[in-house]
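Text of the file run_23.cif, holding mmCIF, C-alpha atoms:
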```cif
data_my_file
loop_
_atom_site.label_atom_id
_atom_site.label_comp_id
_atom_site.auth_asym_id
_atom_site.auth_seq_id
_atom_site.Cartn_x
_atom_site.Cartn_y
_atom_site.Cartn_z
CA MET F 70 113.06 91.89 82.26
CA GLU F 71 110.95 90.72 85.19
CA SER F 72 108.30 92.96 86.71
CA PRO F 73 108.88 94.54 89.12
CA ALA F 74 112.58 94.97 88.39
CA GLU F 75 115.06 96.30 90.94
CA ILE F 76 116.90 99.27 89.47
CA LEU F 77 118.74 99.97 92.72
CA PRO F 78 118.39 96.93 95.02
CA GLY F 79 115.86 97.56 97.77
CA VAL F 80 115.40 101.22 96.79
CA ILE F 81 114.28 101.91 93.18
CA PHE F 82 111.90 99.58 91.35
CA TYR F 83 110.27 99.55 87.91
CA SER F 84 106.96 97.80 87.31
CA TYR F 85 105.18 97.20 84.03
CA LEU F 86 102.09 95.19 83.04
CA SER F 87 99.90 94.53 80.01
CA SER F 88 96.79 93.38 81.90
CA GLN F 89 94.96 94.43 85.04
CA ARG F 90 96.19 93.01 88.32
CA LYS F 91 95.02 93.38 91.90
CA GLU F 92 97.60 92.88 94.63
CA LYS F 93 96.42 91.98 98.11
CA ALA F 94 98.10 92.65 101.44
CA CYS F 95 100.72 95.15 100.33
CA VAL F 96 102.76 96.19 103.36
CA TRP F 97 104.80 99.40 103.29
CA ASN F 98 107.55 99.30 105.90
CA GLN F 99 109.19 102.45 104.54
CA HIS F 100 107.89 105.74 103.15
CA THR F 101 107.42 105.18 99.42
CA LEU F 102 107.26 107.38 96.32
CA VAL F 103 105.30 106.17 93.31
CA LEU F 104 105.43 107.78 89.85
CA GLN F 105 102.66 106.64 87.54
CA VAL F 106 104.35 106.63 84.12
CA SER F 107 101.43 105.11 82.21
CA GLY F 108 98.14 103.44 83.09
CA GLN F 109 96.30 103.84 86.37
CA MET F 110 96.75 102.68 89.94
CA ILE F 111 94.22 102.57 92.79
CA LEU F 112 95.47 102.43 96.37
CA GLU F 113 92.96 101.25 98.97
CA THR F 114 93.67 101.34 102.70
CA ALA F 115 91.38 101.32 105.73
CA GLU F 116 91.42 105.13 105.66
CA GLN F 117 91.78 106.16 102.01
CA ASN F 118 91.00 105.30 98.41
CA ILE F 119 93.34 107.08 95.98
CA ASN F 120 93.37 106.89 92.17
CA ILE F 121 96.45 108.10 90.29
CA SER F 122 96.99 108.31 86.53
CA ALA F 123 99.94 108.88 84.22
CA GLY F 124 102.17 111.76 85.33
CA GLU F 125 100.97 111.79 88.95
CA VAL F 126 103.15 111.16 91.99
CA LEU F 127 101.96 109.49 95.20
CA LEU F 128 103.69 109.58 98.59
CA ILE F 129 102.81 106.59 100.82
CA HIS F 130 103.42 106.64 104.58
CA LYS F 131 105.33 103.79 106.20
CA ASN F 132 103.79 101.09 108.41
CA GLN F 133 100.61 100.59 106.41
CA LEU F 134 98.53 97.85 104.87
CA GLY F 135 96.75 98.31 101.57
CA THR F 136 95.60 96.94 98.23
CA LEU F 137 96.85 98.02 94.80
CA THR F 138 94.85 97.67 91.59
CA LYS F 139 96.98 98.22 88.49
CA THR F 140 95.29 98.94 85.15
CA PRO F 141 97.02 99.56 81.78
CA GLY F 142 96.13 102.74 79.90
CA SER F 143 94.70 103.13 76.40
CA SER F 144 98.13 102.29 74.98
CA GLY F 145 97.94 98.87 76.65
CA HIS F 146 100.80 99.63 79.02
CA TYR F 147 101.10 100.08 82.76
CA GLU F 148 104.34 101.52 84.13
CA THR F 149 105.38 102.80 87.53
CA ILE F 150 108.63 103.80 89.15
CA VAL F 151 108.71 103.13 92.88
CA ILE F 152 111.29 104.60 95.25
CA SER F 153 111.52 103.19 98.76
CA LEU F 154 112.73 105.89 101.14
CA GLN F 155 114.77 103.60 103.38
CA GLU F 156 115.08 104.90 106.94
CA ASP F 157 118.89 104.64 107.03
CA LEU F 158 119.12 106.84 103.94
CA MET F 159 116.55 109.29 105.32
CA ARG F 160 118.57 109.59 108.53
CA GLN F 161 121.66 110.31 106.44
CA ILE F 162 119.84 113.04 104.51
CA ALA F 163 118.55 114.52 107.77
CA LEU F 164 122.11 114.75 109.10
CA GLU F 165 123.59 116.13 105.88
CA GLU F 166 120.89 118.74 105.40
CA LYS F 167 120.45 119.47 109.13
CA MET F 168 116.75 118.65 108.92
CA GLU F 169 114.45 117.19 111.54
CA ALA F 170 110.76 116.83 112.18
CA GLN F 171 109.45 119.89 113.98
CA ARG F 172 106.36 118.13 115.31
CA LYS F 173 104.39 114.91 114.93
CA TYR F 174 102.90 114.55 111.44
CA THR F 175 99.10 114.48 111.69
CA GLY F 176 98.03 114.80 108.05
CA LEU F 177 96.77 112.17 105.62
CA PRO F 178 98.98 109.07 105.46
CA ASN F 179 98.96 109.02 101.66
CA LEU F 180 98.87 112.02 99.37
CA CYS F 181 99.37 113.08 95.76
CA LEU F 182 102.22 115.54 95.38
CA PRO F 183 101.85 118.84 93.51
CA ASN F 184 102.50 118.25 89.84
CA ASN F 185 105.19 120.88 89.35
CA ALA F 186 107.86 121.05 86.65
CA PHE F 187 110.71 120.13 89.01
CA ILE F 188 109.16 116.87 90.25
CA THR F 189 107.99 115.96 86.74
CA GLY F 190 111.46 116.61 85.34
CA TYR F 191 113.05 114.61 88.14
CA PHE F 192 111.05 111.48 87.39
CA GLN F 193 111.54 111.91 83.64
CA SER F 194 115.27 111.69 84.34
CA VAL F 195 114.80 108.33 86.11
CA ILE F 196 112.61 106.68 83.44
CA PRO F 197 115.46 105.82 80.99
CA TYR F 198 117.34 103.97 83.75
CA ALA F 199 114.18 102.10 84.70
CA ARG F 200 113.37 101.01 81.16
CA SER F 201 116.92 99.74 80.65
CA ALA F 202 116.67 97.71 83.90
CA GLY F 203 119.12 100.07 85.57
CA HIS F 204 122.15 98.89 83.58
CA GLU F 205 123.62 102.40 83.46
CA MET F 206 122.81 103.35 87.05
CA THR F 207 125.51 102.88 89.67
CA ASN F 208 124.67 102.66 93.37
CA GLU F 209 126.16 106.12 93.87
CA MET F 210 124.01 107.60 91.10
CA GLY F 211 120.93 105.88 92.44
CA LEU F 212 121.38 107.23 95.95
CA LEU F 213 121.97 110.71 94.55
CA LYS F 214 118.66 110.38 92.67
CA VAL F 215 116.83 109.44 95.88
CA LYS F 216 118.34 112.43 97.72
CA GLU F 217 117.39 114.72 94.85
CA GLY F 218 113.81 113.45 94.99
CA VAL F 219 113.54 114.08 98.74
CA LYS F 220 114.84 117.64 98.33
CA LEU F 221 112.37 118.37 95.53
CA ILE F 222 109.49 117.09 97.66
CA LEU F 223 110.49 119.43 100.47
CA LEU F 224 110.85 122.30 98.00
CA ALA F 225 107.29 121.69 96.81
CA VAL F 226 105.77 121.00 100.25
CA PRO F 227 108.11 122.13 103.08
CA THR F 228 105.75 120.86 105.81
CA LEU F 229 106.40 117.28 104.67
CA ARG F 230 109.63 117.32 106.67
CA ASN F 231 107.43 116.17 109.57
CA PHE F 232 106.24 113.28 107.36
CA LEU F 233 109.68 112.28 106.06
CA PHE F 234 111.92 112.73 109.09
CA ASP F 235 109.88 111.22 111.89
CA PHE F 236 112.04 108.31 113.03
CA SER F 237 110.06 107.39 116.13
CA GLU F 238 108.93 103.80 116.55
CA PRO F 239 105.26 103.04 115.78
CA HIS F 240 103.32 103.80 118.95
CA LYS F 241 100.72 101.46 120.33
CA ILE F 242 97.57 102.12 118.37
CA ASN F 243 93.99 101.07 119.05
CA LEU F 244 94.26 97.34 118.38
CA GLU F 245 90.52 96.68 118.21
CA LYS F 246 89.90 99.43 115.65
CA PHE F 247 92.91 98.40 113.58
CA MET F 248 91.94 94.72 113.42
CA LEU F 249 88.30 95.42 112.59
CA SER F 250 89.48 97.57 109.66
CA ASN F 251 92.25 95.26 108.43
CA PHE F 252 91.24 91.67 109.28
CA HIS F 253 90.90 90.75 105.61
CA PHE F 254 94.61 91.20 104.84
CA ASN F 255 96.44 87.89 104.60
CA ILE F 256 99.65 88.70 106.47
CA PRO F 257 101.51 86.95 109.31
CA ILE F 258 100.49 87.62 112.91
CA GLU F 259 103.99 89.02 113.46
CA LYS F 260 103.30 91.77 110.91
CA PHE F 261 99.98 92.68 112.57
CA ALA F 262 101.91 93.01 115.84
CA GLN F 263 104.50 95.31 114.27
CA LEU F 264 101.92 97.52 112.61
CA THR F 265 100.07 98.02 115.90
CA GLY F 266 103.30 98.98 117.70
CA ARG F 267 103.61 95.82 119.79
CA SER F 268 105.93 92.89 120.33
CA LEU F 269 104.43 89.55 119.29
CA SER F 270 103.87 88.51 122.90
CA GLY F 271 102.34 91.92 123.74
CA TYR F 272 100.10 91.72 120.69
CA LYS F 273 98.80 88.26 121.63
CA ARG F 274 98.23 89.33 125.23
CA ASP F 275 96.34 92.51 124.29
CA PHE F 276 94.39 90.65 121.61
CA GLN F 277 93.20 88.01 124.08
CA LYS F 278 92.02 90.72 126.47
CA ILE F 279 90.04 92.55 123.77
CA PHE F 280 88.58 89.68 121.72
CA ASN F 281 88.69 86.86 124.28
CA MET F 282 90.35 84.44 121.83
CA PRO F 283 93.72 84.00 120.06
CA PRO F 284 94.40 86.11 116.91
CA ARG F 285 94.40 83.24 114.38
CA LYS F 286 91.06 81.86 115.56
CA TRP F 287 89.49 85.33 115.59
CA LEU F 288 90.78 86.12 112.10
CA GLN F 289 89.37 82.87 110.70
CA ASP F 290 85.97 83.41 112.35
CA LYS F 291 85.80 87.08 111.35
CA ARG F 292 86.63 86.35 107.72
CA LEU F 293 84.14 83.48 107.51
CA ASN F 294 81.36 85.53 109.12
CA GLU F 295 82.01 88.31 106.64
CA ALA F 296 81.95 85.76 103.81
CA TRP F 297 78.58 84.41 105.02
CA HIS F 298 77.16 87.94 105.05
CA LEU F 299 78.43 88.69 101.53
CA ILE F 300 77.14 85.41 100.10
CA GLU F 301 73.80 85.14 101.91
CA ARG F 302 72.85 88.82 102.11
CA LYS F 303 74.68 90.39 99.16
CA ASN F 304 74.57 87.45 96.72
CA LYS F 305 78.30 87.57 96.11
CA LYS F 306 79.96 84.59 94.44
CA PRO F 307 82.54 82.73 96.56
CA SER F 308 85.07 82.99 93.72
CA ALA F 309 84.70 86.79 93.79
CA ILE F 310 85.35 87.28 97.50
CA TYR F 311 87.71 84.64 98.87
CA LEU F 312 90.92 86.50 97.95
CA ASP F 313 89.57 89.79 99.30
CA LEU F 314 88.92 88.07 102.64
CA GLY F 315 92.45 86.76 103.09
CA PHE F 316 92.05 83.17 101.85
CA GLU F 317 94.80 81.94 99.56
CA THR F 318 92.76 79.40 97.56
CA LEU F 319 89.08 78.83 96.80
CA SER F 320 89.31 75.23 98.06
CA HIS F 321 90.76 76.38 101.40
CA PHE F 322 87.97 78.93 101.74
CA SER F 323 85.25 76.41 100.79
CA ASN F 324 86.49 73.80 103.26
CA ALA F 325 86.73 76.32 106.11
CA PHE F 326 83.25 77.71 105.29
CA LYS F 327 81.68 74.23 105.23
CA LYS F 328 83.35 73.27 108.50
CA LYS F 329 81.97 76.38 110.25
CA PHE F 330 78.50 76.61 108.73
CA GLY F 331 77.80 72.99 107.77
CA LYS F 332 77.29 73.70 104.07
CA ALA F 333 79.28 74.71 101.02
CA PRO F 334 79.43 78.44 100.15
CA THR F 335 76.89 78.91 97.35
CA VAL F 336 74.78 81.87 96.26
CA GLY F 337 71.05 81.51 96.65
#
```
Show this structure as structure tokens.
Amino acid sequence: MESPAEILPGVIFYSYLSSQRKEKACVWNQHTLVLQVSGQMILETAEQNINISAGEVLLIHKNQLGTLTKTPGSSGHYETIVISLQEDLMRQIALEEKMEAQRKYTGLPNLCLPNNAFITGYFQSVIPYARSAGHEMTNEMGLLKVKEGVKLILLAVPTLRNFLFDFSEPHKINLEKFMLSNFHFNIPIEKFAQLTGRSLSGYKRDFQKIFNMPPRKWLQDKRLNEAWHLIERKNKKPSAIYLDLGFETLSHFSNAFKKKFGKAPTVG
């Protein structure tokens, strides 16, 4: 079985590992539930740093960028079950249950859910399907499981209806602040535009006004300037930072660094 495996296509996923892995530029387009079955996961965003261990459940807000670090536990295993709360399904639940957001959600974008017996039991009921690659789970059963999970979340924390049932489009956010916090993520310009609540043309236009240069050139310069600071002032090795700064390969990073600063990136 490949990892991650789709248990219900596009909705329920099962991930397992036997060695630590760091994933860059994770983009959550939908609200997402994560059950940590074994091992440990660290979620890092511009606003939060959250560590969850076996038995804990994390709710991640849509329209975010972040980094995941996955570490196996003492048993040597890392397992998670991930449920993507697709907007179409959430709208269906809202109609069926006559639920709607009462006001704009203003709390933390990512939060650990209360570890009560109902939520624990719910995820325990999903684990066998996940470990068998979903062979026994029909689409109907899978969707029922997602609906059950949403209802149990609301039973535990009723105020999360404002989190779950806000179907408004992402509003225009402070582009300068967002880019300064997230420049190191290696994602397409189109995705940056979406996450800041803009069309691609609107994003490029606003970006030019704020930074006085096109997005791709600014991103390259910003990442290289940060690399120079880390290497020259913090004695960081190029091999330890290039991925974290949005470069896909060490050779690409080294060539870009040399072209900008006239020398290869070396410590000391």
Can you work out which one of F:Val96, F:Leu314, F:Leu137, F:Ala309 has the shortest atom-to-atom distance to Ile111 (chain F), counting all atoms listed in the file?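 Selected residue with least distance to Ile111 (chain F): F:Leu137.
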Residues matched by the PyMOL selection byres ((chain F and resi 136) around 7), written as a PyMOL selection string: chain F and resi 92-95+112-114+135+137-138
Distance criterion (all atoms listed in the file): nearest to Leu249 (chain F) out of F:Ile310, F:Leu180, F:Leu223, F:Leu288: F:Leu288
Could you tell me, as a ChimeraX atom specification, exactly which residues end up selected when the PyMOL selection byres ((chain F and resi 75-84) around 6) is applied to this structure? /F:72-74,85,148-153,199,202-203
Considering only C-alpha atoms, give me a table of residues in region 176-272 of chain F that are at most 12 Å from region 102-105 of chain F, with the closest atom pair and distance in Å for each, as a Markdown table.
```
| residue | atom | partner | partner_atom | distance |
| --- | --- | --- | --- | --- |
| F:Asn179 | CA | F:Leu102 | CA | 10.0 |
| F:Leu180 | CA | F:Leu102 | CA | 10.1 |
| F:Cys181 | CA | F:Val103 | CA | 9.4 |
| F:Leu182 | CA | F:Leu102 | CA | 9.6 |
| F:Asn184 | CA | F:Leu104 | CA | 10.9 |
| F:Ile188 | CA | F:Leu104 | CA | 9.8 |
| F:Thr189 | CA | F:Leu104 | CA | 9.1 |
| F:Gly190 | CA | F:Leu104 | CA | 11.6 |
| F:Tyr191 | CA | F:Leu104 | CA | 10.4 |
| F:Phe192 | CA | F:Leu104 | CA | 7.2 |
| F:Gln193 | CA | F:Leu104 | CA | 9.6 |
| F:Ser194 | CA | F:Leu104 | CA | 11.9 |
| F:Val195 | CA | F:Leu104 | CA | 10.1 |
| F:Ile196 | CA | F:Leu104 | CA | 9.7 |
| F:Ala199 | CA | F:Leu104 | CA | 11.6 |
| F:Val215 | CA | F:Leu102 | CA | 9.8 |
| F:Gly218 | CA | F:Leu102 | CA | 9.0 |
| F:Val219 | CA | F:Leu102 | CA | 9.5 |
| F:Ile222 | CA | F:Leu102 | CA | 10.1 |
| F:Leu233 | CA | F:Leu102 | CA | 11.2 |
```
Using all atoms listed in the file, determine which residues lie at most 10 Å from region 140-142 of chain F, disregarding the query and same-chain residues fewer than 5 positions distant; provide the list as a list of chain:residue names. F:Tyr85, F:Leu86, F:Ser87, F:Ser88, F:Gln89, F:Arg90, F:Lys91, F:Ser107, F:Gly108, F:Gln109, F:Met110, F:Ile111, F:Ser122, F:Ala123, F:Tyr147, F:Glu148
Reconstruct region 156-179 of chain F at the level of N, CA, C and O atoms, and format the result as a PDB file, in the coordinates of the input.
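Done, and the output landed in out11.pdb:
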```pdb
ATOM      1  N   GLU F 156     114.865 104.050 105.760  1.00  0.00           N
ATOM      2  CA  GLU F 156     115.080 104.900 106.940  1.00  0.00           C
ATOM      3  C   GLU F 156     116.549 105.265 107.131  1.00  0.00           C
ATOM      4  O   GLU F 156     116.870 106.398 107.507  1.00  0.00           O
ATOM      5  N   ASP F 157     117.461 104.326 106.869  1.00  0.00           N
ATOM      6  CA  ASP F 157     118.890 104.640 107.030  1.00  0.00           C
ATOM      7  C   ASP F 157     119.301 105.795 106.130  1.00  0.00           C
ATOM      8  O   ASP F 157     120.056 106.686 106.544  1.00  0.00           O
ATOM      9  N   LEU F 158     118.792 105.768 104.882  1.00  0.00           N
ATOM     10  CA  LEU F 158     119.120 106.840 103.940  1.00  0.00           C
ATOM     11  C   LEU F 158     118.463 108.154 104.364  1.00  0.00           C
ATOM     12  O   LEU F 158     119.075 109.227 104.272  1.00  0.00           O
ATOM     13  N   MET F 159     117.243 108.085 104.871  1.00  0.00           N
ATOM     14  CA  MET F 159     116.550 109.290 105.320  1.00  0.00           C
ATOM     15  C   MET F 159     117.265 109.909 106.522  1.00  0.00           C
ATOM     16  O   MET F 159     117.361 111.139 106.642  1.00  0.00           O
ATOM     17  N   ARG F 160     117.793 109.071 107.397  1.00  0.00           N
ATOM     18  CA  ARG F 160     118.570 109.590 108.530  1.00  0.00           C
ATOM     19  C   ARG F 160     119.835 110.295 108.035  1.00  0.00           C
ATOM     20  O   ARG F 160     120.238 111.332 108.571  1.00  0.00           O
ATOM     21  N   GLN F 161     120.457 109.708 107.013  1.00  0.00           N
ATOM     22  CA  GLN F 161     121.660 110.310 106.440  1.00  0.00           C
ATOM     23  C   GLN F 161     121.355 111.671 105.833  1.00  0.00           C
ATOM     24  O   GLN F 161     122.093 112.642 106.036  1.00  0.00           O
ATOM     25  N   ILE F 162     120.245 111.768 105.104  1.00  0.00           N
ATOM     26  CA  ILE F 162     119.840 113.040 104.510  1.00  0.00           C
ATOM     27  C   ILE F 162     119.545 114.065 105.600  1.00  0.00           C
ATOM     28  O   ILE F 162     119.932 115.234 105.500  1.00  0.00           O
ATOM     29  N   ALA F 163     118.871 113.619 106.667  1.00  0.00           N
ATOM     30  CA  ALA F 163     118.550 114.520 107.770  1.00  0.00           C
ATOM     31  C   ALA F 163     119.813 115.105 108.396  1.00  0.00           C
ATOM     32  O   ALA F 163     119.860 116.300 108.725  1.00  0.00           O
ATOM     33  N   LEU F 164     120.851 114.273 108.528  1.00  0.00           N
ATOM     34  CA  LEU F 164     122.110 114.750 109.100  1.00  0.00           C
ATOM     35  C   LEU F 164     122.835 115.700 108.148  1.00  0.00           C
ATOM     36  O   LEU F 164     123.327 116.756 108.549  1.00  0.00           O
ATOM     37  N   GLU F 165     122.890 115.315 106.867  1.00  0.00           N
ATOM     38  CA  GLU F 165     123.590 116.130 105.880  1.00  0.00           C
ATOM     39  C   GLU F 165     122.934 117.491 105.689  1.00  0.00           C
ATOM     40  O   GLU F 165     123.623 118.515 105.550  1.00  0.00           O
ATOM     41  N   GLU F 166     121.619 117.513 105.675  1.00  0.00           N
ATOM     42  CA  GLU F 166     120.890 118.740 105.400  1.00  0.00           C
ATOM     43  C   GLU F 166     120.451 119.473 106.678  1.00  0.00           C
ATOM     44  O   GLU F 166     119.779 120.498 106.604  1.00  0.00           O
ATOM     45  N   LYS F 167     120.831 118.896 107.832  1.00  0.00           N
ATOM     46  CA  LYS F 167     120.450 119.470 109.130  1.00  0.00           C
ATOM     47  C   LYS F 167     118.941 119.677 109.230  1.00  0.00           C
ATOM     48  O   LYS F 167     118.436 120.750 109.555  1.00  0.00           O
ATOM     49  N   MET F 168     118.211 118.613 108.898  1.00  0.00           N
ATOM     50  CA  MET F 168     116.750 118.650 108.920  1.00  0.00           C
ATOM     51  C   MET F 168     116.218 117.702 109.979  1.00  0.00           C
ATOM     52  O   MET F 168     116.801 116.643 110.211  1.00  0.00           O
ATOM     53  N   GLU F 169     115.122 118.066 110.581  1.00  0.00           N
ATOM     54  CA  GLU F 169     114.450 117.190 111.540  1.00  0.00           C
ATOM     55  C   GLU F 169     112.970 117.543 111.576  1.00  0.00           C
ATOM     56  O   GLU F 169     112.568 118.645 111.193  1.00  0.00           O
ATOM     57  N   ALA F 170     112.195 116.567 112.029  1.00  0.00           N
ATOM     58  CA  ALA F 170     110.760 116.830 112.180  1.00  0.00           C
ATOM     59  C   ALA F 170     110.559 117.861 113.279  1.00  0.00           C
ATOM     60  O   ALA F 170     111.168 117.782 114.337  1.00  0.00           O
ATOM     61  N   GLN F 171     109.714 118.842 113.003  1.00  0.00           N
ATOM     62  CA  GLN F 171     109.450 119.890 113.980  1.00  0.00           C
ATOM     63  C   GLN F 171     108.325 119.500 114.944  1.00  0.00           C
ATOM     64  O   GLN F 171     108.243 119.994 116.053  1.00  0.00           O
ATOM     65  N   ARG F 172     107.464 118.609 114.479  1.00  0.00           N
ATOM     66  CA  ARG F 172     106.360 118.130 115.310  1.00  0.00           C
ATOM     67  C   ARG F 172     105.856 116.817 114.709  1.00  0.00           C
ATOM     68  O   ARG F 172     106.269 116.422 113.627  1.00  0.00           O
ATOM     69  N   LYS F 173     104.965 116.165 115.418  1.00  0.00           N
ATOM     70  CA  LYS F 173     104.390 114.910 114.930  1.00  0.00           C
ATOM     71  C   LYS F 173     103.531 115.182 113.697  1.00  0.00           C
ATOM     72  O   LYS F 173     102.714 116.105 113.691  1.00  0.00           O
ATOM     73  N   TYR F 174     103.714 114.388 112.634  1.00  0.00           N
ATOM     74  CA  TYR F 174     102.900 114.550 111.440  1.00  0.00           C
ATOM     75  C   TYR F 174     101.481 114.032 111.710  1.00  0.00           C
ATOM     76  O   TYR F 174     101.301 112.919 112.202  1.00  0.00           O
ATOM     77  N   THR F 175     100.484 114.846 111.405  1.00  0.00           N
ATOM     78  CA  THR F 175      99.100 114.480 111.690  1.00  0.00           C
ATOM     79  C   THR F 175      98.203 114.534 110.450  1.00  0.00           C
ATOM     80  O   THR F 175      96.992 114.428 110.556  1.00  0.00           O
ATOM     81  N   GLY F 176      98.814 114.712 109.277  1.00  0.00           N
ATOM     82  CA  GLY F 176      98.030 114.800 108.050  1.00  0.00           C
ATOM     83  C   GLY F 176      97.649 113.435 107.502  1.00  0.00           C
ATOM     84  O   GLY F 176      97.806 112.404 108.163  1.00  0.00           O
ATOM     85  N   LEU F 177      97.161 113.420 106.280  1.00  0.00           N
ATOM     86  CA  LEU F 177      96.770 112.170 105.620  1.00  0.00           C
ATOM     87  C   LEU F 177      97.991 111.282 105.435  1.00  0.00           C
ATOM     88  O   LEU F 177      99.079 111.762 105.116  1.00  0.00           O
ATOM     89  N   PRO F 178      97.832 109.962 105.596  1.00  0.00           N
ATOM     90  CA  PRO F 178      98.980 109.070 105.460  1.00  0.00           C
ATOM     91  C   PRO F 178      99.465 108.905 104.027  1.00  0.00           C
ATOM     92  O   PRO F 178     100.621 108.561 103.794  1.00  0.00           O
ATOM     93  N   ASN F 179      98.591 109.153 103.065  1.00  0.00           N
ATOM     94  CA  ASN F 179      98.960 109.020 101.660  1.00  0.00           C
ATOM     95  C   ASN F 179      98.456 110.229 100.895  1.00  0.00           C
ATOM     96  O   ASN F 179      97.300 110.624 101.061  1.00  0.00           O
TER      97      ASN F 179
END
```
